[in-house]
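Engineer: mmCIF, C-alpha atoms and all ligand atoms, file entry.cif:
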data_start
loop_
_atom_site.label_atom_id
_atom_site.label_comp_id
_atom_site.auth_asym_id
_atom_site.auth_seq_id
_atom_site.Cartn_x
_atom_site.Cartn_y
_atom_site.Cartn_z
CA MET A 1 -114.57 -92.58 -0.89
CA LYS A 2 -115.19 -95.11 -3.61
CA TYR A 3 -115.66 -98.70 -2.45
CA LYS A 4 -113.12 -99.90 -4.99
CA THR A 5 -110.47 -97.73 -3.25
CA LEU A 6 -110.44 -100.36 -0.49
CA ASP A 7 -108.27 -102.44 -2.86
CA ILE A 8 -105.32 -100.10 -2.24
CA LEU A 9 -106.01 -98.91 1.33
CA THR A 10 -103.85 -100.18 4.19
CA CYS A 11 -103.37 -99.48 7.86
CA PRO A 12 -100.73 -96.72 8.17
CA PHE A 13 -99.26 -98.45 11.23
CA CYS A 14 -98.81 -102.04 10.09
CA ARG A 15 -99.46 -101.71 6.35
CA GLU A 16 -101.97 -104.55 6.27
CA HIS A 17 -105.28 -104.26 4.45
CA VAL A 18 -108.25 -102.57 6.06
CA GLU A 19 -111.80 -103.72 5.57
CA PHE A 20 -115.01 -101.75 5.70
CA LEU A 21 -117.33 -102.75 8.53
CA GLY A 22 -120.64 -102.08 6.92
CA PRO A 23 -122.83 -102.76 3.92
CA LYS A 24 -121.21 -102.55 0.52
CA ALA A 25 -122.02 -99.27 -1.27
CA GLU A 26 -120.31 -97.88 -4.37
CA ASP A 27 -119.65 -94.66 -2.51
CA ILE A 28 -118.76 -94.93 1.20
CA GLN A 29 -119.92 -91.84 3.10
CA SER A 30 -119.62 -93.00 6.69
CA GLY A 31 -118.66 -96.00 8.74
CA THR A 32 -115.57 -97.71 10.08
CA LEU A 33 -112.49 -99.23 8.52
CA GLN A 34 -110.67 -101.92 10.47
CA CYS A 35 -107.15 -103.24 10.02
CA ASN A 36 -107.12 -106.98 9.38
CA ASN A 37 -103.91 -107.34 11.36
CA CYS A 38 -103.74 -104.95 14.33
CA SER A 39 -107.53 -104.33 14.57
CA ARG A 40 -107.08 -100.55 14.76
CA THR A 41 -110.16 -98.77 13.50
CA TYR A 42 -110.46 -95.62 11.40
CA SER A 43 -113.66 -93.72 10.92
CA VAL A 44 -115.01 -92.47 7.62
CA ILE A 45 -116.94 -89.24 8.04
CA GLN A 46 -118.51 -87.31 5.14
CA GLY A 47 -116.72 -89.65 2.74
CA ILE A 48 -113.24 -88.95 4.17
CA PRO A 49 -111.37 -91.75 5.97
CA ARG A 50 -109.47 -90.41 8.98
CA PHE A 51 -106.09 -92.06 9.39
CA VAL A 52 -104.75 -89.57 11.93
CA LYS A 53 -106.16 -88.22 15.14
CA PRO A 54 -105.30 -84.51 15.37
CA GLU A 55 -104.71 -84.79 19.12
CA ALA A 56 -102.09 -87.52 18.56
CA LEU A 57 -99.95 -85.38 16.22
CA THR A 58 -96.65 -84.05 17.53
CA GLY A 59 -94.07 -81.35 16.77
CA LEU A 60 -94.30 -79.39 13.51
CA ASN A 61 -96.96 -81.73 12.11
CA ARG A 62 -99.26 -80.71 14.95
CA ARG A 63 -98.50 -77.00 14.61
CA PHE A 64 -98.93 -76.98 10.83
CA ALA A 65 -102.13 -79.08 10.88
CA ARG A 66 -103.67 -76.50 13.24
CA MET A 67 -102.33 -73.56 11.28
CA TYR A 68 -103.74 -74.94 8.01
CA ASP A 69 -107.10 -75.70 9.63
CA TRP A 70 -107.73 -71.98 10.04
CA PHE A 71 -105.62 -70.81 7.10
CA SER A 72 -107.75 -73.00 4.80
CA TRP A 73 -110.33 -70.19 4.85
CA ILE A 74 -108.08 -67.87 2.86
CA TYR A 75 -105.67 -70.31 1.23
CA VAL A 76 -107.15 -70.08 -2.27
CA PRO A 77 -107.09 -66.26 -2.60
CA PHE A 78 -103.73 -66.17 -0.77
CA SER A 79 -102.24 -68.53 -3.33
CA LYS A 80 -103.57 -66.46 -6.24
CA ALA A 81 -102.24 -63.25 -4.68
CA ALA A 82 -98.82 -64.83 -4.07
CA PHE A 83 -98.51 -65.67 -7.77
CA ALA A 84 -99.63 -62.17 -8.73
CA LEU A 85 -96.90 -60.73 -6.48
CA LEU A 86 -94.42 -62.97 -8.25
CA GLY A 87 -95.61 -61.61 -11.59
CA MET A 88 -97.03 -64.84 -12.96
CA SER A 89 -100.47 -66.44 -13.21
CA GLU A 90 -101.30 -69.32 -10.90
CA GLU A 91 -101.84 -71.53 -13.94
CA GLN A 92 -98.36 -70.76 -15.30
CA GLY A 93 -96.76 -71.46 -11.93
CA ARG A 94 -98.59 -74.69 -11.23
CA ARG A 95 -98.08 -76.00 -14.74
CA GLU A 96 -94.31 -75.53 -14.35
CA ILE A 97 -94.49 -78.49 -11.96
CA LEU A 98 -97.63 -80.40 -12.96
CA ASP A 99 -96.78 -80.65 -16.65
CA ARG A 100 -93.83 -82.84 -15.56
CA LEU A 101 -96.23 -85.52 -14.23
CA ASP A 102 -96.37 -88.62 -16.37
CA PRO A 103 -99.22 -90.83 -15.10
CA GLN A 104 -99.97 -92.56 -18.41
CA GLY A 105 -103.63 -92.98 -17.55
CA GLY A 106 -102.97 -94.49 -14.12
CA ARG A 107 -103.72 -93.48 -10.54
CA VAL A 108 -102.27 -90.20 -9.28
CA LEU A 109 -101.68 -89.29 -5.63
CA GLU A 110 -101.16 -85.77 -4.34
CA VAL A 111 -99.62 -85.85 -0.87
CA SER A 112 -100.77 -82.66 0.92
CA ILE A 113 -103.54 -81.75 -1.49
CA GLY A 114 -104.61 -78.72 0.59
CA PRO A 115 -107.82 -77.15 -0.77
CA GLY A 116 -107.27 -78.73 -4.18
CA VAL A 117 -105.56 -75.83 -5.93
CA ASN A 118 -103.72 -78.17 -8.32
CA LEU A 119 -106.84 -80.05 -9.40
CA PRO A 120 -107.95 -77.63 -12.16
CA TYR A 121 -104.73 -78.49 -14.03
CA LEU A 122 -105.14 -82.25 -13.60
CA VAL A 123 -108.78 -83.21 -13.97
CA ARG A 124 -109.11 -82.58 -17.69
CA ARG A 125 -105.86 -84.16 -18.73
CA ALA A 126 -106.26 -87.13 -21.03
CA ASP A 127 -103.37 -88.97 -19.35
CA MET A 128 -104.90 -88.83 -15.80
CA GLY A 129 -106.48 -91.88 -14.22
CA ASP A 130 -108.21 -91.69 -10.83
CA ILE A 131 -106.99 -88.88 -8.57
CA TYR A 132 -106.37 -89.29 -4.82
CA GLY A 133 -105.46 -86.60 -2.30
CA LEU A 134 -104.22 -86.81 1.27
CA ASP A 135 -103.68 -84.04 3.82
CA ILE A 136 -103.03 -83.73 7.54
CA SER A 137 -105.48 -80.81 7.91
CA LEU A 138 -109.19 -81.56 8.00
CA GLY A 139 -109.90 -77.89 7.36
CA GLN A 140 -108.02 -78.07 4.05
CA LEU A 141 -109.75 -81.34 3.09
CA HIS A 142 -113.21 -79.94 3.73
CA ARG A 143 -112.41 -76.95 1.50
CA CYS A 144 -111.13 -79.33 -1.13
CA GLN A 145 -114.24 -81.49 -0.89
CA ARG A 146 -116.49 -78.48 -1.35
CA VAL A 147 -114.68 -77.68 -4.59
CA THR A 148 -114.72 -81.24 -5.94
CA GLN A 149 -118.41 -81.61 -5.15
CA ARG A 150 -119.32 -78.28 -6.71
CA LYS A 151 -117.33 -79.02 -9.86
CA GLY A 152 -118.32 -82.68 -10.01
CA TRP A 153 -114.69 -83.84 -9.91
CA ASP A 154 -114.18 -87.42 -8.80
CA VAL A 155 -111.33 -87.28 -6.25
CA ASP A 156 -110.91 -89.53 -3.19
CA LEU A 157 -109.68 -87.64 -0.11
CA PHE A 158 -107.94 -88.95 3.03
CA LEU A 159 -106.96 -87.40 6.34
CA GLY A 160 -103.46 -88.74 6.92
CA ASN A 161 -99.81 -88.03 7.55
CA GLY A 162 -97.45 -87.97 4.56
CA GLU A 163 -94.92 -89.85 6.71
CA GLN A 164 -97.22 -92.88 7.05
CA LEU A 165 -99.33 -93.26 3.95
CA PRO A 166 -102.40 -95.51 4.19
CA PHE A 167 -101.81 -97.12 0.79
CA GLN A 168 -100.47 -100.42 -0.43
CA GLY A 169 -97.00 -100.35 -2.04
CA GLY A 170 -96.95 -99.83 -5.81
CA SER A 171 -100.47 -98.34 -6.00
CA PHE A 172 -99.86 -95.16 -8.04
CA GLU A 173 -98.50 -94.41 -11.48
CA SER A 174 -97.63 -90.92 -10.31
CA VAL A 175 -97.05 -89.33 -6.91
CA PHE A 176 -96.41 -85.68 -6.23
CA HIS A 177 -96.18 -83.21 -3.40
CA ILE A 178 -96.13 -79.40 -3.44
CA GLY A 179 -95.55 -77.06 -0.57
CA GLY A 180 -95.31 -78.81 2.81
CA ILE A 181 -92.41 -81.21 3.15
CA ASN A 182 -89.81 -78.67 4.35
CA PHE A 183 -91.62 -78.58 7.69
CA PHE A 184 -92.79 -82.17 8.08
CA ASN A 185 -91.46 -83.83 11.26
CA ASP A 186 -89.65 -86.44 9.17
CA LYS A 187 -88.82 -85.56 5.55
CA ARG A 188 -86.93 -88.81 4.99
CA ALA A 189 -89.95 -90.92 5.99
CA ALA A 190 -92.21 -88.85 3.71
CA ILE A 191 -89.91 -89.37 0.71
CA GLU A 192 -89.62 -93.10 1.46
CA GLU A 193 -93.39 -93.33 1.63
CA MET A 194 -93.93 -91.56 -1.70
CA ILE A 195 -91.48 -94.02 -3.26
CA ARG A 196 -93.08 -97.04 -1.59
CA VAL A 197 -96.60 -96.31 -2.84
CA ALA A 198 -95.43 -95.48 -6.38
CA LYS A 199 -95.30 -98.16 -9.05
CA SER A 200 -92.00 -99.13 -10.52
CA GLY A 201 -91.20 -96.73 -13.39
CA SER A 202 -93.28 -93.86 -11.89
CA ARG A 203 -92.04 -90.30 -11.89
CA ILE A 204 -92.18 -88.63 -8.48
CA LEU A 205 -92.16 -84.85 -8.03
CA ILE A 206 -91.51 -83.03 -4.76
CA ALA A 207 -91.59 -79.24 -4.64
CA ASP A 208 -91.39 -76.78 -1.79
CA GLU A 209 -90.11 -73.33 -1.06
CA THR A 210 -86.44 -72.46 -1.23
CA GLU A 211 -84.89 -70.42 1.58
CA GLN A 212 -85.72 -67.31 -0.49
CA GLY A 213 -89.36 -68.47 -0.65
CA ALA A 214 -89.54 -69.14 3.11
CA ARG A 215 -88.30 -65.60 3.82
CA GLY A 216 -91.14 -64.33 1.65
CA TYR A 217 -93.63 -66.33 3.76
CA GLU A 218 -92.10 -64.90 6.93
CA ARG A 219 -92.88 -61.42 5.64
CA PHE A 220 -96.37 -62.00 4.24
CA LEU A 221 -97.95 -65.01 5.96
CA PRO A 222 -99.40 -64.17 9.37
CA GLY A 223 -98.30 -66.55 12.12
CA PHE A 224 -95.76 -68.40 9.96
CA LYS A 225 -92.66 -67.15 11.78
CA LYS A 226 -94.12 -67.92 15.21
CA LEU A 227 -94.56 -71.61 14.32
CA PHE A 228 -90.82 -72.12 14.69
CA LYS A 229 -90.51 -70.33 18.00
CA GLY A 230 -87.53 -68.36 16.62
CA HIS A 231 -85.53 -71.47 15.57
CA ARG A 232 -86.23 -72.17 11.91
CA GLU A 233 -83.47 -74.16 10.21
CA ALA A 234 -82.30 -72.83 6.84
CA ILE A 235 -83.94 -74.71 3.97
CA THR A 236 -81.96 -76.97 1.67
CA THR A 237 -83.40 -79.17 -1.10
CA PRO A 238 -83.77 -82.69 0.39
CA VAL A 239 -81.98 -84.33 -2.56
CA ASP A 240 -79.63 -86.13 -0.13
CA LEU A 241 -82.69 -88.03 1.19
CA VAL A 242 -83.47 -89.52 -2.23
CA PRO A 243 -82.06 -93.07 -2.33
CA ALA A 244 -79.13 -93.52 -4.73
CA GLU A 245 -80.97 -96.21 -6.72
CA MET A 246 -83.63 -93.74 -7.95
CA LEU A 247 -83.25 -92.87 -11.64
CA ASP A 248 -82.94 -89.55 -13.47
CA THR A 249 -82.79 -87.56 -10.22
CA ARG A 250 -82.66 -83.83 -10.86
CA VAL A 251 -83.43 -80.58 -9.08
CA PHE A 252 -84.58 -77.38 -10.72
CA GLU A 253 -86.04 -74.10 -9.55
CA VAL A 254 -89.59 -73.02 -10.34
CA TRP A 255 -91.77 -70.02 -9.48
CA LYS A 256 -88.89 -67.62 -10.15
CA GLY A 257 -86.61 -69.29 -7.62
CA MET A 258 -89.17 -69.31 -4.79
CA MET A 259 -89.51 -73.11 -5.01
CA TYR A 260 -87.27 -76.07 -5.77
CA CYS A 261 -88.60 -79.08 -7.61
CA LEU A 262 -87.03 -82.48 -7.03
CA GLU A 263 -87.81 -85.06 -9.68
CA PHE A 264 -86.85 -88.74 -9.98
CA ARG A 265 -88.14 -92.04 -11.26
CA LYS A 266 -88.60 -95.23 -9.25
CA PRO A 267 -86.59 -98.06 -10.82
C1 LIG A 301 -98.61 -74.92 1.40
S1 LIG A 301 -99.86 -76.14 1.52
C2 LIG A 301 -99.80 -76.87 -0.09
C3 LIG A 301 -101.16 -77.19 -0.67
C4 LIG A 301 -101.13 -77.58 -2.15
N1 LIG A 301 -100.39 -78.82 -2.34
C5 LIG A 301 -100.54 -76.51 -3.02
O1 LIG A 301 -99.83 -76.84 -3.98
O2 LIG A 301 -100.81 -75.31 -2.81
C6 LIG A 301 -99.10 -77.38 2.53
C7 LIG A 301 -100.03 -78.50 2.91
O3 LIG A 301 -99.28 -79.52 3.56
C8 LIG A 301 -100.10 -80.10 4.55
N2 LIG A 301 -99.26 -80.86 5.49
C9 LIG A 301 -98.44 -80.35 6.45
N3 LIG A 301 -97.83 -81.35 7.12
C10 LIG A 301 -98.26 -82.52 6.56
C11 LIG A 301 -97.99 -83.91 6.80
N4 LIG A 301 -97.13 -84.30 7.75
N5 LIG A 301 -98.61 -84.83 6.03
C12 LIG A 301 -99.48 -84.45 5.05
N6 LIG A 301 -99.77 -83.15 4.77
C13 LIG A 301 -99.17 -82.20 5.52
C14 LIG A 301 -100.85 -78.92 5.12
O4 LIG A 301 -102.01 -79.28 5.84
C15 LIG A 301 -101.14 -78.09 3.87
O5 LIG A 301 -102.39 -78.38 3.32
ZN ZN A 302 -102.86 -102.31 11.45
#
Just give me the structure as C-alpha cells.
Structural biologist:
Amino acid sequence: MKYKTLDILTCPFCREHVEFLGPKAEDIQSGTLQCNNCSRTYSVIQGIPRFVKPEALTGLNRRFARMYDWFSWIYVPFSKAAFALLGMSEEQGRREILDRLDPQGGRVLEVSIGPGVNLPYLVRRADMGDIYGLDISLGQLHRCQRVTQRKGWDVDLFLGNGEQLPFQGGSFESVFHIGGINFFNDKRAAIEEMIRVAKSGSRILIADETEQGARGYERFLPGFKKLFKGHREAITTPVDLVPAEMLDTRVFEVWKGMMYCLEFRKP
C-alpha cells in the first residue's frame, strides 16, 4: 500500500481517519493502522491492510469469503472458460461494462476485485488515475497481488467488506463492482457505500448475474448451490435500492443476458 493512500483511508466502523503506527515509507509492506477515534487497529501484511477478520464475518459474506478463498485457485481459467461457453471473448465481455467507466484521470475503486481479471482492461487506459481494489477474500487478493507484481501494475489492495468501505467519502472519480453483490449480506449498505465514497458527478457501475446467469452457475460451479442450503432467493436487479436522487439511472443486460448492469451518476 502506498503511504499517500493514508489520505483517503478511514476506519470502516466509525469512518474516522486511521494513522500508520510506524516509520514513514513510500510503500507500506507491514505494520499497524490505528483509528484516531475508536482506537481499533488493523494490520497490514504483505502490503495489504486487513479491515475484516474472517472469523468475524457472518451469513453469506462468511460462506462466500471461504468459497472464494479456495476457488481463487481456478478463478482465472474458470472465467475464461465461462466466456468461451457464452461464445464471446473475455475481453469483449469485460469491455461491455468497463468501457462505460468515466474516471477522467481520477482514482478508480473496484469493489470485489477478485484476482484482478478486470485490470488488463483498465491499466493502460489514458483516462485512469490510481487504481484501488477491495475484496472480502484474502485468497483472491493474494492471487491478484501476484498478477500485479508480475506485471508491474501499481494497484493498492485491501481486505474489506463492500458493506463497510474503509475510505473517506468522495474519494473516487469512479467506483464499480462486478459479480458479487447479489449474495452480499446487505446489498443496500453496499450500494450506499459505493455512493458515499464516490465523488459528486462520478459514474457508478454495478453488475452481477441475472437469474438466468445464477442458474448457469448452479449447473457448472461446484459447491455454488450448497452455499444457499436449498433456499436461494430469485435474483432481481437491485435498482430499487438506488436512491431516487441519483442521476441517469439505467439498467441494461450484458454478457448475452447472463448479467445485468446498473449504471447511475452521483449528483
Ligand atoms: C464472482 S467474483 C468477481 C470478481 C471480479 N470482480 C470479476 O469481475 O470477475 C465475486 C467476488 O466478490 C467478493 N465478495 C463477496 N462478498 C463480498 C463482500 N461482502 N465484500 C466485498 N467483496 C465480496 C468475492 O470474494 C469474490 O472475489
Ligand atoms: Zn474507528
Engineer: How many Å separate CA of Ile131 (chain A) from CA of Leu109 (chain A)?
Structural biologist: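 About the pair CA of Ile131 (chain A) and CA of Leu109 (chain A): they are 6.1 Å apart.
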Engineer: CA of Glu211 (chain A) and CA of Ile74 (chain A) are how many Å apart?
Structural biologist: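 Those two atoms sit 23.4 Å apart.
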Engineer: Could you please determine the separation between CA of Val111 (chain A) and CA of Asp208 (chain A) in Å, to one decimal place?
Structural biologist: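 Distance between the two atoms: 12.3 Å.
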Engineer: Hey, which residues sit close to ligand ZN 302 (chain A)? Say within 9 Å, counting only C-alpha atoms and all ligand atoms, and write them as a ChimeraX atom specification.
Structural biologist: /A:10-18,34-41
Engineer: Give me, as number ranges by chain, the set of residues whose atoms come within 7 Å of any atom of ligand LIG 301 (chain A), counting only C-alpha atoms and all ligand atoms.
Structural biologist: A: 61, 64-65, 68, 79, 111-118, 134-137, 140, 160-163, 177-181, 183-185
Engineer: Which polymer residues, whether protein, DNA or RNA, lie within 12 Å of the coordinate (-122.0, -98.9, -3.0) when you count all atoms listed in the file? List them as a PyMOL selection string, using the chain letters and numbers from the file.
Structural biologist: chain A and resi 1-6+20+22-30
Engineer: Which residue out of A:Ala198, A:Met258, A:Val108, A:Ile48 has the minimum interatomic distance to Phe83 (chain A) when all atoms listed in the file are used?
Structural biologist: A:Met258
Engineer: Here is a test: counting all atoms listed in the file, which residue of A:Met67, A:Leu21, A:Leu205, A:Leu9 is nearest to Tyr132 (chain A)?
Structural biologist: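 Of A:Met67, A:Leu21, A:Leu205, A:Leu9, the one nearest Tyr132 (chain A) is A:Leu9, counting all atoms listed in the file.
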Engineer: Considering all atoms listed in the file, can you say which of A:Phe158, A:Glu253, A:Phe78, A:Trp70 comes closest to Phe220 (chain A)?
Structural biologist: A:Phe78
Engineer: If you count only C-alpha atoms, which residues fall within 12 Å of Glu90 (chain A), apart from same-chain ones fewer than 5 positions away, as a PDB file with C-alpha atoms, in the frame of the given file?
Structural biologist:
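Writing the result to around18.pdb gives the following:
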ATOM      1  CA  VAL A  76    -107.150 -70.080  -2.270  1.00  0.00           C
ATOM      2  CA  PRO A  77    -107.090 -66.260  -2.600  1.00  0.00           C
ATOM      3  CA  PHE A  78    -103.730 -66.170  -0.770  1.00  0.00           C
ATOM      4  CA  SER A  79    -102.240 -68.530  -3.330  1.00  0.00           C
ATOM      5  CA  LYS A  80    -103.570 -66.460  -6.240  1.00  0.00           C
ATOM      6  CA  ALA A  81    -102.240 -63.250  -4.680  1.00  0.00           C
ATOM      7  CA  ALA A  82     -98.820 -64.830  -4.070  1.00  0.00           C
ATOM      8  CA  PHE A  83     -98.510 -65.670  -7.770  1.00  0.00           C
ATOM      9  CA  ALA A  84     -99.630 -62.170  -8.730  1.00  0.00           C
ATOM     10  CA  LEU A  85     -96.900 -60.730  -6.480  1.00  0.00           C
ATOM     11  CA  ARG A  95     -98.080 -76.000 -14.740  1.00  0.00           C
ATOM     12  CA  GLU A  96     -94.310 -75.530 -14.350  1.00  0.00           C
ATOM     13  CA  ILE A  97     -94.490 -78.490 -11.960  1.00  0.00           C
ATOM     14  CA  LEU A  98     -97.630 -80.400 -12.960  1.00  0.00           C
ATOM     15  CA  VAL A 117    -105.560 -75.830  -5.930  1.00  0.00           C
ATOM     16  CA  ASN A 118    -103.720 -78.170  -8.320  1.00  0.00           C
ATOM     17  CA  PRO A 120    -107.950 -77.630 -12.160  1.00  0.00           C
ATOM     18  CA  TYR A 121    -104.730 -78.490 -14.030  1.00  0.00           C
ATOM     19  CA  TRP A 255     -91.770 -70.020  -9.480  1.00  0.00           C
TER      20      TRP A 255
END
Engineer: Using all atoms listed in the file, find the one residue out of A:Ile204, A:Leu227, A:Ile8, A:Met128 that sits nearest to Cys261 (chain A).
Structural biologist: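 That would be A:Ile204, the residue with the smallest distance to Cys261 (chain A).
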Engineer: Centre and edge lengths of an axis-aligned box around all listed atoms of region 73-88 of chain A, with 8 Å added on each side, are to be given in Å to one decimal, as lines of an AutoDock Vina configuration file.
Structural biologist:
center_x = -102.4
center_y = -65.5
center_z = -4.1
size_x = 31.9
size_y = 25.6
size_z = 33.8
Engineer: Name the residues within 10 Å of (-93.0, -95.0, -10.4), counting only C-alpha atoms in the file's coordinates, and put them as a list of chain:residue names.
Structural biologist: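 Here the neighbourhood of the point contains A:Asp102, A:Pro103, A:Gly170, A:Ser171, A:Phe172, A:Glu173, A:Ser174, A:Val175, A:Met194, A:Ile195, A:Arg196, A:Val197, A:Ala198, A:Lys199, A:Ser200, A:Gly201, A:Ser202, A:Arg203, A:Ile204, A:Met246, A:Phe264, A:Arg265, A:Lys266, A:Pro267.
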Engineer: Measuring between all atoms listed in the file, which one of A:Leu33, A:Ala189, A:Ala126, A:Ile206 shows the shortest distance to Leu165 (chain A)?
Structural biologist: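 Selected residue with least distance to Leu165 (chain A): A:Ala189.
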